[in-house]
file run13.cif (mmCIF, C-alpha atoms)
data_coords
loop_
_atom_site.group_PDB
_atom_site.id
_atom_site.type_symbol
_atom_site.label_atom_id
_atom_site.label_comp_id
_atom_site.auth_asym_id
_atom_site.auth_seq_id
_atom_site.Cartn_x
_atom_site.Cartn_y
_atom_site.Cartn_z
ATOM 1 C CA MET A 1 -45.764 0.573 -12.449
ATOM 2 C CA LYS A 2 -45.035 4.064 -11.121
ATOM 3 C CA LYS A 3 -45.525 2.827 -7.560
ATOM 4 C CA ILE A 4 -43.097 -0.039 -8.140
ATOM 5 C CA ILE A 5 -40.495 2.330 -9.587
ATOM 6 C CA LEU A 6 -41.006 4.725 -6.671
ATOM 7 C CA PHE A 7 -40.666 1.871 -4.172
ATOM 8 C CA PHE A 8 -37.328 0.740 -5.610
ATOM 9 C CA ALA A 9 -36.111 4.334 -5.856
ATOM 10 C CA VAL A 10 -36.870 4.881 -2.172
ATOM 11 C CA LEU A 11 -35.298 1.533 -1.249
ATOM 12 C CA ALA A 12 -32.140 2.402 -3.171
ATOM 13 C CA ALA A 13 -31.964 5.796 -1.453
ATOM 14 C CA VAL A 14 -32.342 4.200 1.974
ATOM 15 C CA LEU A 15 -29.661 1.598 1.255
ATOM 16 C CA PHE A 16 -27.368 4.276 -0.153
ATOM 17 C CA ALA A 17 -27.827 6.478 2.917
ATOM 18 C CA GLY A 18 -27.394 3.520 5.265
ATOM 19 C CA TRP A 19 -24.160 2.487 3.595
ATOM 20 C CA TYR A 20 -22.872 6.066 3.824
ATOM 21 C CA VAL A 21 -23.567 6.095 7.566
ATOM 22 C CA ILE A 22 -21.635 2.819 7.963
ATOM 23 C CA VAL A 23 -18.651 4.082 5.932
ATOM 24 C CA ALA A 24 -18.638 7.412 7.776
ATOM 25 C CA GLY A 25 -18.626 5.554 11.095
ATOM 26 C CA LEU A 26 -15.657 3.451 10.036
ATOM 27 C CA TYR A 27 -13.902 6.524 8.644
ATOM 28 C CA GLY A 28 -14.056 8.101 12.084
ATOM 29 C CA LYS A 29 -11.721 5.378 13.366
ATOM 30 C CA LEU A 30 -8.775 6.413 11.190
ATOM 31 C CA THR A 31 -6.622 9.541 11.264
ATOM 32 C CA TYR A 32 -7.499 12.154 8.647
ATOM 33 C CA ARG A 33 -4.566 14.431 7.868
ATOM 34 C CA PRO A 34 -5.348 16.747 4.952
ATOM 35 C CA ILE A 35 -2.742 18.315 2.684
ATOM 36 C CA GLU A 36 -4.096 21.729 1.773
ATOM 37 C CA SER A 37 -2.119 22.079 -1.461
ATOM 38 C CA VAL A 38 -3.889 19.061 -3.007
ATOM 39 C CA SER A 39 -7.231 19.070 -1.186
ATOM 40 C CA ALA A 40 -9.003 20.654 -4.148
ATOM 41 C CA ALA A 41 -7.472 18.239 -6.674
ATOM 42 C CA PRO A 42 -9.753 15.358 -7.704
ATOM 43 C CA TYR A 43 -8.668 11.965 -6.428
ATOM 44 C CA LYS A 44 -9.655 10.441 -9.788
ATOM 45 C CA GLU A 45 -8.209 11.959 -12.946
ATOM 46 C CA GLU A 46 -8.501 10.784 -16.543
ATOM 47 C CA GLY A 47 -10.273 7.615 -15.388
ATOM 48 C CA VAL A 48 -7.485 6.599 -13.003
ATOM 49 C CA ILE A 49 -7.343 6.624 -9.193
ATOM 50 C CA ASN A 50 -3.782 6.781 -7.850
ATOM 51 C CA ILE A 51 -3.255 6.264 -4.130
ATOM 52 C CA LEU A 52 0.249 6.086 -2.697
ATOM 53 C CA LEU A 53 0.486 3.379 -0.038
ATOM 54 C CA ILE A 54 3.263 4.168 2.405
ATOM 55 C CA GLY A 55 4.439 1.629 4.930
ATOM 56 C CA ASN A 56 6.612 3.311 7.527
ATOM 57 C CA ASP A 57 8.643 1.731 10.282
ATOM 58 C CA SER A 58 7.089 3.855 13.010
ATOM 59 C CA ARG A 59 6.011 1.938 16.064
ATOM 60 C CA GLU A 60 3.369 4.578 16.758
ATOM 61 C CA ASN A 61 0.436 5.861 14.712
ATOM 62 C CA GLY A 62 2.178 8.805 13.090
ATOM 63 C CA GLU A 63 4.375 10.017 10.255
ATOM 64 C CA ASP A 64 7.653 9.581 12.100
ATOM 65 C CA GLY A 65 9.981 6.885 10.918
ATOM 66 C CA ARG A 66 11.185 5.982 7.441
ATOM 67 C CA SER A 67 9.170 5.023 4.385
ATOM 68 C CA ASP A 68 9.923 1.318 4.501
ATOM 69 C CA ALA A 69 7.613 0.537 1.558
ATOM 70 C CA MET A 70 6.092 2.657 -1.214
ATOM 71 C CA ILE A 71 3.479 1.132 -3.492
ATOM 72 C CA LEU A 72 1.405 3.081 -5.996
ATOM 73 C CA LEU A 73 -2.087 1.554 -6.056
ATOM 74 C CA SER A 74 -3.830 2.511 -9.298
ATOM 75 C CA VAL A 75 -7.375 1.627 -10.343
ATOM 76 C CA SER A 76 -7.673 2.313 -14.070
ATOM 77 C CA ASP A 77 -10.977 2.436 -15.894
ATOM 78 C CA LYS A 78 -8.932 3.001 -19.060
ATOM 79 C CA THR A 79 -7.156 -0.363 -19.001
ATOM 80 C CA LYS A 80 -9.586 -2.213 -16.661
ATOM 81 C CA THR A 81 -6.757 -3.036 -14.281
ATOM 82 C CA VAL A 82 -5.725 -2.637 -10.665
ATOM 83 C CA HIS A 83 -1.989 -1.936 -10.579
ATOM 84 C CA MET A 84 0.349 -2.345 -7.633
ATOM 85 C CA THR A 85 3.596 -0.627 -8.563
ATOM 86 C CA SER A 86 6.455 -0.775 -6.081
ATOM 87 C CA LEU A 87 8.710 2.283 -6.080
ATOM 88 C CA LEU A 88 12.232 1.351 -5.078
ATOM 89 C CA ARG A 89 13.547 3.518 -2.285
ATOM 90 C CA ASP A 90 17.112 3.712 -3.657
ATOM 91 C CA MET A 91 16.137 5.425 -6.921
ATOM 92 C CA TYR A 92 18.076 8.659 -7.311
ATOM 93 C CA VAL A 93 15.465 11.386 -7.788
ATOM 94 C CA GLU A 94 15.088 15.130 -7.949
ATOM 95 C CA ILE A 95 13.400 16.272 -4.734
ATOM 96 C CA PRO A 96 11.638 19.657 -4.921
ATOM 97 C CA GLY A 97 13.429 22.183 -2.723
ATOM 98 C CA HIS A 98 16.291 19.804 -1.912
ATOM 99 C CA ASP A 99 19.347 18.255 -3.508
ATOM 100 C CA GLY A 100 18.919 15.015 -5.416
ATOM 101 C CA ASN A 101 18.758 11.957 -3.189
ATOM 102 C CA ARG A 102 17.206 8.521 -2.748
ATOM 103 C CA LEU A 103 13.416 8.421 -3.098
ATOM 104 C CA ASN A 104 12.770 7.567 0.546
ATOM 105 C CA ALA A 105 14.705 10.676 1.592
ATOM 106 C CA ALA A 106 11.766 12.735 0.298
ATOM 107 C CA TYR A 107 9.561 11.238 3.003
ATOM 108 C CA SER A 108 12.174 11.963 5.651
ATOM 109 C CA TYR A 109 12.412 15.587 4.497
ATOM 110 C CA GLY A 110 8.734 16.393 4.086
ATOM 111 C CA GLY A 111 6.461 13.446 4.790
ATOM 112 C CA ALA A 112 3.763 12.204 2.420
ATOM 113 C CA LYS A 113 3.329 15.627 0.768
ATOM 114 C CA LEU A 114 6.918 15.908 -0.436
ATOM 115 C CA LEU A 115 7.049 12.218 -1.355
ATOM 116 C CA MET A 116 4.014 12.606 -3.660
ATOM 117 C CA GLU A 117 5.490 15.768 -5.190
ATOM 118 C CA THR A 118 8.752 13.923 -5.828
ATOM 119 C CA ILE A 119 6.981 11.021 -7.528
ATOM 120 C CA GLU A 120 5.030 13.411 -9.755
ATOM 121 C CA LYS A 121 8.161 15.353 -10.691
ATOM 122 C CA ASN A 122 10.199 12.287 -11.640
ATOM 123 C CA LEU A 123 7.551 9.896 -13.001
ATOM 124 C CA GLY A 124 5.010 12.322 -14.458
ATOM 125 C CA ILE A 125 2.064 10.687 -12.662
ATOM 126 C CA GLU A 126 -0.535 12.717 -10.757
ATOM 127 C CA VAL A 127 -0.542 11.468 -7.160
ATOM 128 C CA ASN A 128 -2.351 13.522 -4.533
ATOM 129 C CA ARG A 129 -3.848 10.927 -2.187
ATOM 130 C CA TYR A 130 -2.018 8.628 0.192
ATOM 131 C CA ALA A 131 -2.600 6.062 2.922
ATOM 132 C CA LEU A 132 0.050 5.564 5.575
ATOM 133 C CA VAL A 133 0.213 2.409 7.686
ATOM 134 C CA ASN A 134 2.631 1.369 10.401
ATOM 135 C CA PHE A 135 3.828 -2.064 11.455
ATOM 136 C CA GLU A 136 0.795 -2.763 13.619
ATOM 137 C CA ALA A 137 -1.696 -1.892 10.854
ATOM 138 C CA PHE A 138 0.052 -4.176 8.366
ATOM 139 C CA ALA A 139 0.093 -7.141 10.729
ATOM 140 C CA SER A 140 -3.526 -6.519 11.764
ATOM 141 C CA LEU A 141 -4.641 -6.299 8.129
ATOM 142 C CA VAL A 142 -3.137 -9.686 7.332
ATOM 143 C CA ASP A 143 -4.702 -11.236 10.441
ATOM 144 C CA ALA A 144 -8.109 -9.733 9.633
ATOM 145 C CA ALA A 145 -7.863 -11.263 6.157
ATOM 146 C CA GLY A 146 -7.265 -14.690 7.678
ATOM 147 C CA GLY A 147 -3.530 -14.758 6.982
ATOM 148 C CA VAL A 148 -1.801 -15.573 3.692
ATOM 149 C CA ASP A 149 -0.456 -18.760 2.104
ATOM 150 C CA LEU A 150 2.956 -18.235 0.510
ATOM 151 C CA GLU A 151 5.849 -20.325 -0.781
ATOM 152 C CA LEU A 152 8.938 -19.845 1.425
ATOM 153 C CA SER A 153 12.439 -21.224 1.174
ATOM 154 C CA ASN A 154 14.076 -22.431 4.376
ATOM 155 C CA GLU A 155 16.371 -19.409 4.252
ATOM 156 C CA GLU A 156 13.297 -17.159 4.209
ATOM 157 C CA VAL A 157 11.838 -19.074 7.166
ATOM 158 C CA GLN A 158 15.022 -18.442 9.156
ATOM 159 C CA LEU A 159 14.857 -14.725 8.398
ATOM 160 C CA VAL A 160 11.163 -14.514 9.318
ATOM 161 C CA ASN A 161 12.102 -15.847 12.754
ATOM 162 C CA GLY A 162 14.939 -13.346 12.956
ATOM 163 C CA TYR A 163 12.652 -10.382 12.269
ATOM 164 C CA LEU A 164 10.122 -11.710 14.762
ATOM 165 C CA VAL A 165 12.717 -11.292 17.534
ATOM 166 C CA GLU A 166 12.533 -7.490 17.113
ATOM 167 C CA TYR A 167 8.753 -7.452 16.579
ATOM 168 C CA ASN A 168 8.109 -9.445 19.742
ATOM 169 C CA GLN A 169 10.321 -7.118 21.753
ATOM 170 C CA LEU A 170 8.597 -4.004 20.387
ATOM 171 C CA THR A 171 5.111 -5.369 21.069
ATOM 172 C CA ASN A 172 5.974 -6.893 24.461
ATOM 173 C CA ARG A 173 5.192 -10.449 23.344
ATOM 174 C CA PRO A 174 7.018 -13.434 24.851
ATOM 175 C CA GLU A 175 10.234 -14.467 23.128
ATOM 176 C CA GLY A 176 9.564 -17.107 20.488
ATOM 177 C CA THR A 177 5.976 -16.051 19.786
ATOM 178 C CA ASP A 178 4.904 -16.999 16.228
ATOM 179 C CA TYR A 179 8.270 -18.522 15.313
ATOM 180 C CA LEU A 180 8.057 -20.859 12.333
ATOM 181 C CA ASP A 181 9.459 -24.392 12.409
ATOM 182 C CA ALA A 182 13.156 -23.771 11.735
ATOM 183 C CA SER A 183 13.303 -26.764 9.370
ATOM 184 C CA ALA A 184 10.203 -25.778 7.355
ATOM 185 C CA SER A 185 9.987 -24.760 3.700
ATOM 186 C CA GLY A 186 7.384 -24.801 0.926
ATOM 187 C CA MET A 187 3.806 -23.510 1.127
ATOM 188 C CA ILE A 188 3.305 -22.015 4.597
ATOM 189 C CA HIS A 189 0.362 -20.181 6.157
ATOM 190 C CA LEU A 190 1.551 -16.881 7.654
ATOM 191 C CA ASN A 191 -0.286 -14.785 10.201
ATOM 192 C CA GLY A 192 0.090 -11.011 10.468
ATOM 193 C CA PRO A 193 3.403 -10.721 12.352
ATOM 194 C CA GLN A 194 4.934 -13.527 10.262
ATOM 195 C CA ALA A 195 3.832 -11.866 6.986
ATOM 196 C CA LEU A 196 5.249 -8.556 8.203
ATOM 197 C CA ALA A 197 8.575 -10.226 8.965
ATOM 198 C CA TYR A 198 8.544 -11.880 5.517
ATOM 199 C CA SER A 199 7.878 -8.523 3.828
ATOM 200 C CA ARG A 200 10.699 -6.750 5.661
ATOM 201 C CA ASN A 201 13.377 -9.245 4.589
ATOM 202 C CA ARG A 202 16.320 -7.275 3.156
ATOM 203 C CA TYR A 203 18.866 -10.072 3.074
ATOM 204 C CA ILE A 204 17.761 -12.331 0.213
ATOM 205 C CA GLY A 205 18.274 -10.908 -3.249
ATOM 206 C CA THR A 206 18.082 -7.202 -4.012
ATOM 207 C CA ASP A 207 15.509 -4.598 -3.020
ATOM 208 C CA PHE A 208 13.550 -5.728 -6.086
ATOM 209 C CA GLY A 209 12.966 -9.048 -4.337
ATOM 210 C CA ARG A 210 11.869 -7.340 -1.136
ATOM 211 C CA THR A 211 9.289 -5.216 -2.953
ATOM 212 C CA GLN A 212 8.052 -8.311 -4.787
ATOM 213 C CA ARG A 213 7.475 -9.998 -1.421
ATOM 214 C CA GLN A 214 5.533 -6.956 -0.219
ATOM 215 C CA ARG A 215 3.283 -7.076 -3.288
ATOM 216 C CA LYS A 216 2.713 -10.836 -2.920
ATOM 217 C CA VAL A 217 1.421 -10.324 0.612
ATOM 218 C CA LEU A 218 -0.722 -7.326 -0.379
ATOM 219 C CA ALA A 219 -2.225 -9.176 -3.358
ATOM 220 C CA ALA A 220 -3.128 -12.150 -1.159
ATOM 221 C CA VAL A 221 -4.723 -9.826 1.388
ATOM 222 C CA ILE A 222 -6.782 -8.056 -1.289
ATOM 223 C CA ARG A 223 -8.088 -11.412 -2.517
ATOM 224 C CA ASN A 224 -9.152 -12.321 1.030
ATOM 225 C CA LEU A 225 -10.621 -8.943 2.024
ATOM 226 C CA PRO A 226 -14.254 -9.503 0.916
ATOM 227 C CA LYS A 227 -14.490 -12.566 3.183
ATOM 228 C CA ALA A 228 -12.758 -10.691 5.998
ATOM 229 C CA LEU A 229 -15.219 -7.813 5.776
ATOM 230 C CA LEU A 230 -18.048 -10.277 6.312
ATOM 231 C CA ASN A 231 -16.409 -12.519 8.915
ATOM 232 C CA GLU A 232 -14.048 -10.260 10.864
ATOM 233 C CA PRO A 233 -15.215 -6.629 10.560
ATOM 234 C CA ALA A 234 -14.186 -5.837 14.153
ATOM 235 C CA ALA A 235 -10.602 -6.928 13.486
ATOM 236 C CA LEU A 236 -10.358 -4.618 10.472
ATOM 237 C CA ILE A 237 -11.813 -1.709 12.417
ATOM 238 C CA ASP A 238 -9.780 -2.101 15.585
ATOM 239 C CA GLY A 239 -6.476 -3.297 14.190
ATOM 240 C CA VAL A 240 -6.196 -1.500 10.862
ATOM 241 C CA LEU A 241 -8.188 1.713 10.845
ATOM 242 C CA SER A 242 -6.818 2.884 14.179
ATOM 243 C CA ASN A 243 -3.302 2.634 12.712
ATOM 244 C CA LEU A 244 -4.042 4.263 9.350
ATOM 245 C CA THR A 245 -3.456 7.891 8.337
ATOM 246 C CA THR A 246 -4.757 9.343 5.059
ATOM 247 C CA ASN A 247 -5.745 12.535 3.275
ATOM 248 C CA LEU A 248 -8.708 10.826 1.576
ATOM 249 C CA SER A 249 -11.920 12.555 2.632
ATOM 250 C CA THR A 250 -15.050 10.807 3.886
ATOM 251 C CA GLY A 251 -16.743 11.323 0.522
ATOM 252 C CA GLU A 252 -13.767 9.912 -1.364
ATOM 253 C CA VAL A 253 -13.614 6.825 0.844
ATOM 254 C CA PHE A 254 -17.358 6.357 0.339
ATOM 255 C CA SER A 255 -16.902 6.650 -3.431
ATOM 256 C CA LEU A 256 -14.083 4.108 -3.299
ATOM 257 C CA SER A 257 -16.268 1.704 -1.315
ATOM 258 C CA LEU A 258 -18.867 1.811 -4.092
ATOM 259 C CA GLN A 259 -16.160 0.835 -6.601
ATOM 260 C CA ALA A 260 -14.786 -2.069 -4.559
ATOM 261 C CA TRP A 261 -16.250 -4.556 -7.034
ATOM 262 C CA LYS A 262 -13.537 -3.508 -9.477
ATOM 263 C CA LEU A 263 -10.999 -5.282 -7.299
ATOM 264 C CA LEU A 264 -12.784 -8.492 -8.257
ATOM 265 C CA GLY A 265 -13.601 -7.688 -11.876
ATOM 266 C CA TYR A 266 -10.407 -5.955 -13.010
ATOM 267 C CA ASP A 267 -7.126 -7.719 -13.764
ATOM 268 C CA MET A 268 -4.530 -7.265 -11.038
ATOM 269 C CA VAL A 269 -1.079 -6.293 -12.306
ATOM 270 C CA GLN A 270 2.133 -6.144 -10.280
ATOM 271 C CA SER A 271 5.270 -4.300 -11.310
ATOM 272 C CA SER A 272 8.125 -2.273 -9.913
ATOM 273 C CA ILE A 273 9.785 0.969 -10.898
ATOM 274 C CA PRO A 274 12.424 1.170 -12.246
ATOM 275 C CA LEU A 275 11.699 -1.394 -14.939
ATOM 276 C CA GLU A 276 14.220 -4.068 -15.785
ATOM 277 C CA GLY A 277 16.850 -2.681 -18.124
ATOM 278 C CA THR A 278 16.124 0.959 -17.270
ATOM 279 C CA TRP A 279 18.544 1.448 -14.380
ATOM 280 C CA LYS A 280 22.129 0.976 -13.327
ATOM 281 C CA ASN A 281 23.955 0.930 -10.014
ATOM 282 C CA SER A 282 25.755 4.172 -9.408
ATOM 283 C CA THR A 283 27.510 6.182 -6.715
ATOM 284 C CA ILE A 284 26.436 9.817 -6.436
ATOM 285 C CA ARG A 285 27.838 12.072 -3.702
ATOM 286 C CA GLY A 286 29.027 8.964 -1.870
ATOM 287 C CA MET A 287 25.583 7.275 -1.988
ATOM 288 C CA SER A 288 24.950 3.894 -3.596
ATOM 289 C CA VAL A 289 21.828 4.527 -5.691
ATOM 290 C CA LEU A 290 19.879 3.366 -8.725
ATOM 291 C CA GLU A 291 20.385 5.735 -11.641
ATOM 292 C CA VAL A 292 17.162 5.533 -13.658
ATOM 293 C CA ASP A 293 16.028 6.176 -17.224
ATOM 294 C CA TYR A 294 12.907 8.115 -16.229
ATOM 295 C CA ASP A 295 11.686 8.646 -19.792
ATOM 296 C CA ALA A 296 11.260 4.879 -20.240
ATOM 297 C CA ASN A 297 9.491 4.479 -16.896
ATOM 298 C CA ARG A 298 7.166 7.423 -17.509
ATOM 299 C CA ALA A 299 6.225 5.928 -20.875
ATOM 300 C CA TYR A 300 5.437 2.580 -19.230
ATOM 301 C CA LEU A 301 3.160 4.132 -16.596
ATOM 302 C CA LYS A 302 1.314 6.244 -19.155
ATOM 303 C CA SER A 303 0.668 3.156 -21.264
ATOM 304 C CA ALA A 304 -0.194 0.769 -18.424
ATOM 305 C CA LEU A 305 -2.471 3.144 -16.517
ATOM 306 C CA TYR A 306 -3.781 5.614 -19.085
ATOM 307 C CA ASP A 307 -3.567 3.573 -22.292
ATOM 308 C CA GLU A 308 -1.496 6.327 -23.918
#
call {"tool": "encode", "arguments": {"input": "run13.cif", "output": "structure tokens"}}
result
Amino acid sequence: MKKIILFFAVLAAVLFAGWYVIVAGLYGKLTYRPIESVSAAPYKEEGVINILLIGNDSRENGEDGRSDAMILLSVSDKTKTVHMTSLLRDMYVEIPGHDGNRLNAAYSYGGAKLLMETIEKNLGIEVNRYALVNFEAFASLVDAAGGVDLELSNEEVQLVNGYLVEYNQLTNRPEGTDYLDASASGMIHLNGPQALAYSRNRYIGTDFGRTQRQRKVLAAVIRNLPKALLNEPAALIDGVLSNLTTNLSTGEVFSLSLQAWKLLGYDMVQSSIPLEGTWKNSTIRGMSVLEVDYDANRAYLKSALYDE
């Protein structure tokens, strides 16, 4: 019996070490950009992992550009949920060291560091880890996951084609590449560039609708990722990791990889901040902004993520 136990212990150690080597190799493909002020802070606190996903409109792998999308990804052992919470860019917030402004101004002023500090100050949620992706990473992620199937109106189809005009120019692709049938509507399979165009749509509904579209694409990708990791690992490595910047360390990424099963076992919840009924349109210093009841939104996050 002791020999059997020893054999399985050794086997587990070998598998564990082998997996670490694989993760470390993949980690070397991305850009690690530490933030010294939060490096010592644990990435998991009170049973919750909060990672700020920032989609910027940079055409290069860097922190230039605007924060085109901000989604707080939270894995909560307290509530057994994976939350995707969109943070609307037009929320009027207090920005440490600056005058009040829209939320996405914090990124323009001080990158991911100041954006996380601003979210903590206004929403009372500890956020000290981030992952930044540009246009290319987003499109590559969707392609690596095999694309997404989404319900589109004909108006949305027209706008997808419109956004693809710019994308094709920026990526030196022939005019008309990936255009959808202009008369189409209903359930449509979108590849990476098409899903990116769908997610960037600012012309149908309010910014709440745009963030909902972003979460729909991300949720579909997450559902398809396990298959993609098995079938298209090279696409994930080459297309996504090379266009991703983060302050997560190798050890933290390895720890996250060991918890990936939670994405399958935990309920997935989508929401946006500010909550319905907790904001109003306002003009402050000439800016059209969302004036927010932060007490109500802080209470929601504490309950949803920390069961408080």
call {"tool": "atom_distance", "arguments": {"input": "run13.cif", "atom1": "atom CA of A:Lys29", "atom2": "atom CA of A:Ala219"}}
result
24.1 Å
call {"tool": "resolve_selection", "arguments": {"input": "run13.cif", "expression": "the PyMOL selection byres ((chain A and resi 72) around 7)", "output": "list in words"}}
result
Asn50, Ile51, Leu52, Leu53, Met70, Ile71, Leu73, Ser74, Met84, Thr85 and Ser86 of chain A
call {"tool": "closest_residue", "arguments": {"input": "run13.cif", "among": "A:Pro174, A:Tyr163, A:Asp181, A:Trp261", "to": "A:Ala197", "atoms": "all atoms listed in the file"}}
result
A:Tyr163
call {"tool": "atom_distance", "arguments": {"input": "run13.cif", "atom1": "atom CA of A:Leu103", "atom2": "atom CA of A:Val289"}}
result
9.6 Å
call {"tool": "atom_distance", "arguments": {"input": "run13.cif", "atom1": "atom CA of A:Asn297", "atom2": "atom CA of A:Ile54"}}
result
20.3 Å
call {"tool": "resolve_selection", "arguments": {"input": "run13.cif", "expression": "the PyMOL selection byres ((chain A and resi 89-97) around 7)", "output": "PDB file with C-alpha atoms, in the coordinates of the input"}}
result
ATOM      1  CA  LEU A  87       8.710   2.283  -6.080  1.00  0.00           C
ATOM      2  CA  LEU A  88      12.232   1.351  -5.078  1.00  0.00           C
ATOM      3  CA  HIS A  98      16.291  19.804  -1.912  1.00  0.00           C
ATOM      4  CA  ASP A  99      19.347  18.255  -3.508  1.00  0.00           C
ATOM      5  CA  GLY A 100      18.919  15.015  -5.416  1.00  0.00           C
ATOM      6  CA  ASN A 101      18.758  11.957  -3.189  1.00  0.00           C
ATOM      7  CA  ARG A 102      17.206   8.521  -2.748  1.00  0.00           C
ATOM      8  CA  LEU A 103      13.416   8.421  -3.098  1.00  0.00           C
ATOM      9  CA  ASN A 104      12.770   7.567   0.546  1.00  0.00           C
ATOM     10  CA  ALA A 106      11.766  12.735   0.298  1.00  0.00           C
ATOM     11  CA  THR A 118       8.752  13.923  -5.828  1.00  0.00           C
ATOM     12  CA  ASN A 122      10.199  12.287 -11.640  1.00  0.00           C
ATOM     13  CA  VAL A 289      21.828   4.527  -5.691  1.00  0.00           C
ATOM     14  CA  LEU A 290      19.879   3.366  -8.725  1.00  0.00           C
ATOM     15  CA  GLU A 291      20.385   5.735 -11.641  1.00  0.00           C
ATOM     16  CA  VAL A 292      17.162   5.533 -13.658  1.00  0.00           C
TER      17      VAL A 292
END
call {"tool": "residues_near_point", "arguments": {"input": "run13.cif", "point": "(-0.6, -14.4, 10.0)", "cutoff": "12 Å", "atoms": "only C-alpha atoms", "output": "JSON, numbers by chain"}}
result
{"A": [138, 139, 140, 141, 142, 143, 144, 145, 146, 147, 148, 149, 150, 160, 177, 178, 179, 180, 188, 189, 190, 191, 192, 193, 194, 195, 196, 197, 198, 217, 220, 221]}
call {"tool": "closest_residue", "arguments": {"input": "run13.cif", "among": "A:Val82, A:Met287, A:Gln158, A:Asn128", "to": "A:Ala260", "atoms": "only C-alpha atoms"}}
result
A:Val82
call {"tool": "closest_residue", "arguments": {"input": "run13.cif", "among": "A:Lys80, A:Lys216, A:Ser242, A:Ala296", "to": "A:Gly277", "atoms": "all atoms listed in the file"}}
result
A:Ala296
call {"tool": "decode", "arguments": {"input": "run13.cif", "residues": "stretch 190-204 of chain A", "atoms": "C-alpha atoms", "output": "PDB file, in the first residue's frame"}}
result
ATOM      1  CA  LEU A 190     -19.090  35.424 -36.443  1.00  0.00           C
ATOM      2  CA  ASN A 191     -15.348  35.054 -36.781  1.00  0.00           C
ATOM      3  CA  GLY A 192     -12.853  37.177 -34.852  1.00  0.00           C
ATOM      4  CA  PRO A 193     -12.896  40.413 -36.884  1.00  0.00           C
ATOM      5  CA  GLN A 194     -16.693  40.230 -37.252  1.00  0.00           C
ATOM      6  CA  ALA A 195     -17.164  39.706 -33.483  1.00  0.00           C
ATOM      7  CA  LEU A 196     -14.826  42.622 -32.797  1.00  0.00           C
ATOM      8  CA  ALA A 197     -16.865  44.839 -35.113  1.00  0.00           C
ATOM      9  CA  TYR A 198     -20.083  43.684 -33.400  1.00  0.00           C
ATOM     10  CA  SER A 199     -18.635  44.498 -29.963  1.00  0.00           C
ATOM     11  CA  ARG A 200     -17.523  47.991 -30.974  1.00  0.00           C
ATOM     12  CA  ASN A 201     -20.970  49.065 -32.206  1.00  0.00           C
ATOM     13  CA  ARG A 202     -21.807  52.424 -30.589  1.00  0.00           C
ATOM     14  CA  TYR A 203     -24.782  53.342 -32.738  1.00  0.00           C
ATOM     15  CA  ILE A 204     -27.579  51.022 -31.597  1.00  0.00           C
TER      16      ILE A 204
END
